[in-house]
Structure formats: C-alpha cells, structure tokens
Amino acid sequence: MTLNIVVCIKQVPDPKHFSEITMDPVKHTIRREGIPSVINPCDRHALEEGLRIREKFTGKLVVISMGPTQALEALQEALAIGADEAILLCDKAFAGSDTLVTSYVLGAAIGKIGAFDLVLCGNETVDGGTGHVGAQLAELLGIPHVQASNIKFIDERSLTVKMPIEHGYLDISLKLPAVISVTEQINRYRLPTVWAIVEVAGREIKIWDCEDLEVDTSKVGSDGSPTEVTGIFEHKFKRRVEFLRGSPEEMAKQAVVKLRQLGGDMK
Amino acid sequence: MTAAKSGEVWVWAEQRKGRLMTVSLELLGKGSELCKSIGSELAAVLITDKAEGLVKDLIAHGANRVYVIEDVRLGLYQSDAYTTVMGKLIEARKPEILLIGGTSIGRDFAPRIAARVHTGLVANCVDLHIEEINGKSQLVLVVPGFGGKMMVSMICKTRPQMATVKPGLLTAHQANPNAKGDIVKVEAEIKDDDLRARTIEILEERSAERPVEEADIVVAGGWGMRSAGGFKLIQDLANALGAAIGGTRPAVDEGWIPKECMIGHSGKTVSPKLFISLGASGAVHYTTGFTKSKVVFSIDKNPSAPIFDVSDIGIVGDVCEIISCLVKELTVVEN
C-alpha cells in the first residue's frame with residue numbers, strides 16, 4: 001500500500017526571543033536580525049506524523065517550505081529527521097504574502113509534485129498564529145481538510161481523526177486525498193541525530209520560483225494578497241497603578257474595600 | 001423597509017447541539033455598532049438541523065435579519081457542506097462584512113470560506129472599527145503579533161471583509177425580547193461530495209464550572225505561586241469571590257491548572273469586571289489576554305515587575321501570605 005505525503009513547514013523566529021523583535025515603523029516589516037530561526041513547533045509534529053505514516057505504508061515524504069533562502073536550514077533539518085525530499089519555494093515576489101496567497105503558492109507546488117495522498121501541516125504558527133493555511137490550502141486544492149489531535153485510523157483511501165474543540169472533540173472521517181492540520185498533542189517528535197545531520201549535508205534541495213511554479217507574479221506577495229497591513233505599533237496597554245501599603249492584613253483590608261468600590265456588583 | 005446604503009454585516013451564528021455559542025451573541029453586539037457606522041443592516045447566518053428557538057434569540061440580540069439554513073445533515077459542523085452553504089449565500093447576497101467567533105470550529109470554518117470566495121480574512125482581532133480610507137468605509141482590524149508584543153492593524157481589500165474574534169473579548173448587548181427581524185429561509189444545496197469529510201459525532205465533557213471567559217471575576221496565578229499547593233490558595237480565594245480560575249503558560253506547563261484555563265495570546269482572552277493576577281511577572285503574551293478587564297488587581301513580590309504597569313491596584317509582598325489575608329477578610333465580612 002502506497003501513500004505519498006507532502007509536509008508543509010515554516011521557519012519562524014524562535015519564540016524564546018520574541019521580546020527582542022522590533023518593528024520597522026516605516027516599512028511595516030519586522031526587524032529580526034540576530035534572532036535565531038527554528039522550524040515552527042507544530043510543523044515538527046506534522047513531520048513526525050508524516051514519518052510515522054510513511055513507516056506504515058510505502059511511499060515518499062516530501063517536505064516543502066515557502067520562505068527566503070535562509071529557510072534551507074529548516075529543510076536541511078527536515079531531511080536529517082527523515083524526509084525523502086525537500087523543496088524550497090522562494091521568489092522575491094512572495095514577500096508580504098498573506099495566508100491565502102501562501103496557500104496558493106503551496107498549492108501550486110503540491111500540484112507540481114503531482115501524485116500525493118496526504119498533506120500535513122501544523123495547525124498554527126507561533127509568529128502569525130492565524131491557523132488559516134491548512135484549511136485554505138485544502139480549499140484551493142479542492143480536497144477536504146481537518147484539524148487533528150489524533151489519527152485513529154488510516155488506510156490508503158480514508159482516515160478517522162479526533163478534532164479537539166472546547167470541552168471535547170469531534171469524530172471526523174474523511175476520504176483521501178486530504179489536508180490534515182495537526183495539533184501539538186498528536187505525538188512526541190524525534191530530533192535529528194548528529195549522524196543524520198552530517199549525512200544530509202550534501203543532499204540537493206530544489207528551489208522553485210514563480211516561473212517553476214507557473215504562478216502569476218501579480219497574484220502573490222503583498223499586492224496579490226486580499227489583506228493589507230496598514231499599521232504596526234508596539235503594544236501599549238498601560239494603567240496607572242495604585243500601590244497599597246501597610247501590613248499584609250491592612251493591605252488585604254484596603255484591597256477588599258477598593259475592589260467593592262471599583263468592581264460594582266461583586267459580592 | 002428602506003434599502004441599506006451598504007451591503008449587510010453578517011455574523012455566523014454558531015450552534016452546538018442546538019445551543020448558540022456565546023461568542024455569536026457577542027459578535028452581534030459589535031456587528032450592530034459597525035452597522036451604525038456604515039449605515040447597514042445586521043444579519044445572522046444560522047446553519048442547523050433545528051432552527052426553532054434560536055432565531056428569536058438572534059433577533060433579540062440585534063439581528064435585523066436571520067438567514068436560516070435548516071437541514072437534517074447540518075446539525076453537526078461539516079466543514080465542506082457548511083462552506084458550500086455559506087459560500088453560495090455570500091455570492092447571492094454580497095455582504096460587506098462577515099464576522100466569525102474564534103472558537104475551535106469557527107477558526108476551522110472561517111479560512112475555508114475565505115478561500116472559497118477569495119476574500120481576505122484576519123484572525124483573532126482584538127479591536128474592530130470603521131475608518132474612511134480613500135473615500136471608502138473600511139473595516140480596520142487590530143491583531144496581536146509575536147505573542148502580543150506588536151499590534152498590527154489590517155484591512156481587507158476584497159469583500160466581504162472577514163474576521164474572527166476570540167470568545168470573551170466583546171460583550172453581548174442586553175437581549176431585547178420585543179425586537180423584530182426578518183427570517184429568510186435558504187435551501188441547503190449540498191451534494192454528496194460536500195460530505196466527503198464527515199463529522200460523525202460531537203463529544204463534550206462540560207465541567208460544572210463556568211468557563212473562565214464567561215466569569216465576572218477571574219483569579220489567575222503564575223510561576224510565583226511556585227507549587228500546586230499555591231494554587232490551592234488561589235482556589236480558596238476564587239471560592240470566596242465566586243471567581244473562575246485562570247493561569248499563565250508556566251502554570252499550565254507545570255500542571256497546576258488545565259490548559260482550558262490558560263490566559264493569554266495562545267490561550268483564553270477574558271474581559272471580566274475584575275481580574276486578579278497572583279505571582280505572575282506580566283509577560284506580554286499573558287497580559288494581552290486580559291487587557292479589556294474593567295479592573296486589574298495584582299500581587300507580586302517584585303515591585304518592578306511589568307505586571308504593575310497594566311494594573312489598577314497593586315500589592316508588593318509575599319503572595320501566599322496576602323492571599324490568606326484576603327480570604328480571611330472576605331470571609332469575615334460575609335459572616
């Protein structure tokens with residue numbers, strides 16, 4: 001039984017360093033010089049799930065990523081973790097693409113790859129955090145999409161998953177081909193071994209631009225995107241604090257009085 | 001009825017097992033404000049297997065019109081079929097704005113619709129308002145970026161302008177049981193292919209406790225509470241106040257509170273009358289989850305902790321000791 005898998009990953013600034021990120025107020029771009037980049041955590045789970053499925057079936061696992069040439073590092077790591085092939089989607093025209101355009105480019109790449117049964121991606125990135133791409137990619141490919149915290153059953157034609165919702169989950173069964181956006185709960189992912197990193201160092205990573213993908217340059221990037229960033233500002237949410245003073249008992253007493261005044265109908 | 005100047009403002013009325021999600025009512029409140037700004041009418045879109053009872057509630061909360069798509073196959077959320085129904089309705093009626101509650105299901109549904117009708121979608125807005133841009137009324141959407149460190153304002157160049165908003169951020173208007181509205185029944189034109197992904201069942205384990213985003217008072221703890229024992233104290237304080245409990249990511253990672261109670265950018269957004277923060281230094285990705293609270297009261301041992309920049313009342317000291325005093329004080333007054 002063969003199942004061909006495409007995993008979409010994104011290179012993101014390391015969330016541990018978010019506090020060091022600043023914004024260019026004129027160009028509306030982020031300044032992230034010196035901030036380390038990592039594979040988006042959720043996407044590691046997608047890759048892991050893809051590898052586990054590939055181990056059960058025969059077939060190929062291709063990893064794709066849209067981004068600057070720096071994202072080659074992420075793809076290199078994905079090869080070291082176990083992907084069979086990696087492709088970078090890279091073109092100057094892609095800069096400023098929103099989620100719908102990103103999905104359009106990923107879809108074009110998947111179309112070019114051709115035979116696939118399953119597309120996996122993380123259900124959310126730590127930087128943008130929209131959670132849009134899985135569903136939008138599926139729609140543009142004309143196939144079903146589901147978010148999954150657990151794949152209960154899979155064969156070459158269909159699968160059954162659990163989609164987490166508030167206070168529970170949905171049981172969903174769907175036909176392949178499909179796009180699955182995985183949540184962090186789905187598995188524990190493996191890291192590449194040192195040996196594997198050395199071994200993949202010379203492996204070729206294809207780079208596809210607009211021409212390779214046959215996408216119209218006017219339909220990508222910020223101009224091609226239906227959403228537009230109109231302003232960026234540092235988050236300022238400030239209140240004027242009044243510190244209470246005295247012994248712990250006195251402060252507690254004052255606090256209760258104050259909260260009753262301010263809080264209105266608290267009991 | 002006079003024709004509206006602009007296309008309608010729509011809110012997706014999400015139902016689960018025949019009950020409306022609170023966020024849909026919250027969005028109707030915001031939707032009616034947006035309608036006033038652009039001179040438009042507010043409509044709710046209800047996809048369900050049983051509309052009875054729900055329509056009245058939507059009208060009472062401000063909908064001038066309710067589009068009802070009632071079909072036995074549409075009781076549970078079916079991503080393709082729901083998208084087909086919504087997509088066709090958008091093409092037929094051309095709304096100006098479509099708002100969707102940022103529940104787990106809403107956040108699955110919204111991007112699929114946006115891709116179907118090729119329009120812009122902005123996720124997890126914390127502020128929505130109308131501005132005149134180049135002579136056009138534009139919905140301006142503000143979203144947090146990079147864990148809440150940055151705020152980004154965005155617009156959609158296409159129509160409808162779509163946005164999701166997390167539950168608990170907005171306030172539903174008081175229901176008006178005498179409000180009048182139209183009911184427009186719409187046939188669900190779905191094919192078998194629309195059910196190639198099929199939701200078989202919904203399983204919910206609703207705890208008896210009120211969800212944190214619906215509570216009037218929220219008591220939240222952070223790393224400074226040091227142990228699950230510290231959270232026992234928070235529980236005592238919450239009991240004394242009739243409050244819901246929340247916490248920071250470290251508190252969740254340590255297993256002191258369940259993930260559903262996490263406050264912040266990647267967790268819940270709350271806007272209670274009173275928010276009490278205990279032993280949390282105030283990282284932006286946490287504080288962004290309670291910016292709209294009426295009153296913020298914080299206790300932390302570090303006087304220069306950033307939490308005090310976003311608080312109305314502050315106490316510097318041993319958190320556990322002060323909580324004990326507060327609990328005593330609250331119980332004494334009650335007795």
# chains A, B, ... in the order shown; residues from 1 in each chain; ligands from 1
>>> interface_residues(of="chain B", to="chain A", cutoff="6 Å", atoms="only C-alpha atoms", output="PyMOL selection string")
chain B and resi 104+111-112+115+119-120+123+146+149-158+196-206+309-315+322+325-326
>>> select_by_dssp(residues="range 243-272 of chain B", states="strand (DSSP E or B)", output="VMD selection string")
chain B and resid 244 to 247 262 to 263 268
>>> closest_residue(among="A:Phe116, A:Tyr189, A:Trp208, A:Phe153", to="Val6 in chain A", atoms="only C-alpha atoms")
A:Phe116
>>> residues_around(residues="Val11 in chain B", least_positions_apart="3", cutoff="12 Å", atoms="only C-alpha atoms", output="number ranges by chain")
B: 8, 14, 21, 23-32, 34-35, 41-47, 58-59, 61-67, 86, 90, 95-102, 106, 110, 160-165
>>> write_last_selection(atoms="C-alpha atoms", output="tab-separated table (two decimals), in the first residue's frame")
chain	number	residue	atom	x	y	z
B	8	GLU	CA	-25.06	43.83	5.22
B	14	GLU	CA	-22.59	29.02	15.68
B	21	MET	CA	-22.31	29.82	21.29
B	23	VAL	CA	-19.41	34.46	21.09
B	24	SER	CA	-22.03	34.70	18.32
B	25	LEU	CA	-24.14	36.94	20.56
B	26	GLU	CA	-21.05	38.97	21.47
B	27	LEU	CA	-20.39	39.49	17.76
B	28	LEU	CA	-23.97	40.62	17.14
B	29	GLY	CA	-23.32	43.40	19.67
B	30	LYS	CA	-20.21	44.55	17.81
B	31	GLY	CA	-21.95	43.99	14.46
B	32	SER	CA	-24.75	46.42	15.30
B	34	LEU	CA	-20.43	48.54	12.82
B	35	CYS	CA	-23.82	48.76	11.06
B	41	GLU	CA	-28.18	46.16	8.48
B	42	LEU	CA	-27.14	43.29	10.67
B	43	ALA	CA	-27.86	39.70	9.73
B	44	ALA	CA	-27.11	36.39	11.41
B	45	VAL	CA	-26.48	33.23	9.40
B	46	LEU	CA	-27.72	30.12	11.17
B	47	ILE	CA	-26.80	26.69	9.83
B	58	LEU	CA	-30.54	36.11	17.48
B	59	ILE	CA	-33.12	38.80	16.75
B	61	HIS	CA	-29.54	40.25	20.35
B	62	GLY	CA	-29.67	42.69	17.46
B	63	ALA	CA	-30.03	40.80	14.17
B	64	ASN	CA	-32.34	42.65	11.74
B	65	ARG	CA	-32.47	39.50	9.65
B	66	VAL	CA	-31.68	35.83	10.13
B	67	TYR	CA	-30.76	33.61	7.21
B	86	MET	CA	-22.12	29.93	3.31
B	90	ILE	CA	-22.27	35.17	0.13
B	95	PRO	CA	-22.40	41.08	2.41
B	96	GLU	CA	-19.94	43.84	3.29
B	97	ILE	CA	-18.58	42.17	6.43
B	98	LEU	CA	-18.64	38.62	7.84
B	99	LEU	CA	-17.66	38.05	11.46
B	100	ILE	CA	-16.98	34.61	12.88
B	101	GLY	CA	-16.45	33.63	16.50
B	102	GLY	CA	-12.91	32.37	17.05
B	106	GLY	CA	-15.05	28.96	13.85
B	110	ALA	CA	-13.53	30.92	8.51
B	160	PRO	CA	-16.78	40.52	2.31
B	161	GLN	CA	-14.26	41.73	4.85
B	162	MET	CA	-13.81	38.73	7.13
B	163	ALA	CA	-12.54	38.49	10.69
B	164	THR	CA	-12.51	36.09	13.62
B	165	VAL	CA	-12.70	37.29	17.22
>>> residues_around(residues="Lys232 in chain B", least_positions_apart="4", cutoff="12 Å", atoms="only C-alpha atoms", output="PDB file with C-alpha atoms, in the first residue's frame")
ATOM      1  CA  GLY B 221      -1.863  32.552  39.025  1.00  0.00           C
ATOM      2  CA  MET B 225       2.751  30.559  43.117  1.00  0.00           C
ATOM      3  CA  ARG B 226       5.568  28.025  42.997  1.00  0.00           C
ATOM      4  CA  SER B 227       3.573  24.874  43.552  1.00  0.00           C
ATOM      5  CA  ALA B 228       0.214  23.272  43.087  1.00  0.00           C
ATOM      6  CA  ASP B 236      -9.736  29.389  48.244  1.00  0.00           C
ATOM      7  CA  LEU B 237      -9.671  32.982  47.032  1.00  0.00           C
ATOM      8  CA  ALA B 238     -11.724  32.096  43.960  1.00  0.00           C
ATOM      9  CA  ASN B 239     -14.298  30.378  46.173  1.00  0.00           C
ATOM     10  CA  ILE B 245      -9.568  30.360  37.882  1.00  0.00           C
ATOM     11  CA  TRP B 256      -1.204  23.328  38.232  1.00  0.00           C
ATOM     12  CA  ILE B 257      -4.196  24.262  36.092  1.00  0.00           C
ATOM     13  CA  CYS B 320       0.686  33.409  49.585  1.00  0.00           C
ATOM     14  CA  ILE B 323      -3.940  35.736  49.633  1.00  0.00           C
ATOM     15  CA  SER B 324      -4.533  34.151  53.056  1.00  0.00           C
ATOM     16  CA  VAL B 327      -9.521  35.127  52.049  1.00  0.00           C
TER      17      VAL B 327
END
>>> atom_distance(atom1="CA of Gly282 in chain B", atom2="CA of Val143 in chain B")
19.4 Å
>>> atom_distance(atom1="CA of Ile154 in chain A", atom2="CA of Pro177 in chain A")
11.7 Å
>>> residues_around(residues="Ala95 in chain A", least_positions_apart="5", cutoff="12 Å", atoms="only C-alpha atoms", output="ChimeraX atom specification")
/A:29,66-68,89-90,101-102,105,217-225
>>> atom_distance(atom1="CA of Ser6 in chain B", atom2="CA of Ala92 in chain B")
15.0 Å
>>> residues_around(residues="Ser37 in chain A", least_positions_apart="2", cutoff="7 Å", atoms="only C-alpha atoms", output="count of residues only")
5
>>> select_by_dssp(residues="range 142-252 of chain A", states="helix (DSSP H, G or I)", output="number ranges by chain")
A: 184-186, 194-200, 210-213, 217-219, 221-224, 248-252
>>> write_last_selection(atoms="N, CA and C atoms", output="short mmCIF file (atom, residue, chain, number, x, y, z; two decimals), in the first residue's frame")
data_model
loop_
_atom_site.label_atom_id
_atom_site.label_comp_id
_atom_site.auth_asym_id
_atom_site.auth_seq_id
_atom_site.Cartn_x
_atom_site.Cartn_y
_atom_site.Cartn_z
N GLU A 184 -0.36 20.10 18.56
CA GLU A 184 0.83 19.64 19.30
C GLU A 184 0.60 18.34 20.07
N GLN A 185 -0.68 18.06 20.36
CA GLN A 185 -0.96 16.86 21.17
C GLN A 185 -0.79 15.56 20.38
N ILE A 186 -0.64 15.64 19.07
CA ILE A 186 -0.75 14.43 18.26
C ILE A 186 0.38 13.42 18.51
N VAL A 194 23.06 13.35 15.16
CA VAL A 194 24.24 14.03 14.62
C VAL A 194 24.66 13.37 13.30
N TRP A 195 24.61 12.03 13.28
CA TRP A 195 24.97 11.30 12.07
C TRP A 195 24.14 11.73 10.89
N ALA A 196 22.84 11.84 11.14
CA ALA A 196 21.92 12.20 10.05
C ALA A 196 22.22 13.60 9.54
N ILE A 197 22.56 14.51 10.44
CA ILE A 197 22.86 15.88 10.02
C ILE A 197 24.06 15.89 9.08
N VAL A 198 25.07 15.12 9.43
CA VAL A 198 26.28 15.03 8.60
C VAL A 198 25.92 14.41 7.25
N GLU A 199 25.12 13.35 7.32
CA GLU A 199 24.78 12.60 6.12
C GLU A 199 24.02 13.42 5.08
N VAL A 200 23.11 14.29 5.55
CA VAL A 200 22.28 15.03 4.58
C VAL A 200 22.95 16.32 4.10
N CYS A 210 8.59 31.55 -9.03
CA CYS A 210 7.30 31.77 -9.68
C CYS A 210 7.21 31.05 -11.04
N GLU A 211 8.32 31.13 -11.78
CA GLU A 211 8.30 30.54 -13.11
C GLU A 211 8.17 29.03 -13.04
N ASP A 212 8.96 28.40 -12.14
CA ASP A 212 8.86 26.95 -11.97
C ASP A 212 7.44 26.54 -11.57
N LEU A 213 6.85 27.38 -10.72
CA LEU A 213 5.53 27.03 -10.17
C LEU A 213 4.40 27.46 -11.09
N THR A 217 3.01 36.41 -11.07
CA THR A 217 3.65 37.25 -10.04
C THR A 217 2.70 38.33 -9.51
N SER A 218 1.70 38.70 -10.29
CA SER A 218 0.78 39.74 -9.80
C SER A 218 -0.20 39.18 -8.77
N LYS A 219 -0.27 37.85 -8.66
CA LYS A 219 -1.21 37.24 -7.72
C LYS A 219 -0.56 36.86 -6.40
N GLY A 221 2.62 37.86 -3.18
CA GLY A 221 3.21 38.99 -2.46
C GLY A 221 2.16 39.89 -1.86
N SER A 222 2.59 41.07 -1.39
CA SER A 222 1.61 41.95 -0.74
C SER A 222 0.57 42.45 -1.73
N ASP A 223 0.96 42.70 -3.00
CA ASP A 223 -0.01 43.21 -3.97
C ASP A 223 -1.09 42.19 -4.30
N GLY A 224 -0.70 40.93 -4.31
CA GLY A 224 -1.67 39.88 -4.64
C GLY A 224 -2.53 39.46 -3.47
N PRO A 248 0.42 43.02 55.70
CA PRO A 248 -0.42 42.19 54.82
C PRO A 248 -1.90 42.28 55.20
N GLU A 249 -2.21 42.27 56.48
CA GLU A 249 -3.62 42.34 56.90
C GLU A 249 -4.25 43.67 56.48
N GLU A 250 -3.48 44.75 56.71
CA GLU A 250 -4.01 46.07 56.34
C GLU A 250 -4.24 46.19 54.83
N MET A 251 -3.26 45.67 54.07
CA MET A 251 -3.38 45.76 52.61
C MET A 251 -4.59 44.95 52.13
N ALA A 252 -4.78 43.78 52.74
CA ALA A 252 -5.91 42.94 52.35
C ALA A 252 -7.22 43.68 52.62
#
>>> closest_residue(among="B:Lys185, B:Lys273, B:Lys56, B:Arg249", to="Val219 in chain B", atoms="only C-alpha atoms")
B:Lys273
>>> residues_around(residues="Arg188 in chain A", least_positions_apart="3", cutoff="10 Å", atoms="only C-alpha atoms", output="list in words")
Arg44, His45, Glu48, Glu49, Glu184, Gln185 and Leu191 of chain A
>>> closest_residue(among="B:Glu321, B:Phe297, B:Trp223, B:Ala60", to="Ala175 in chain B", atoms="only C-alpha atoms")
B:Ala60
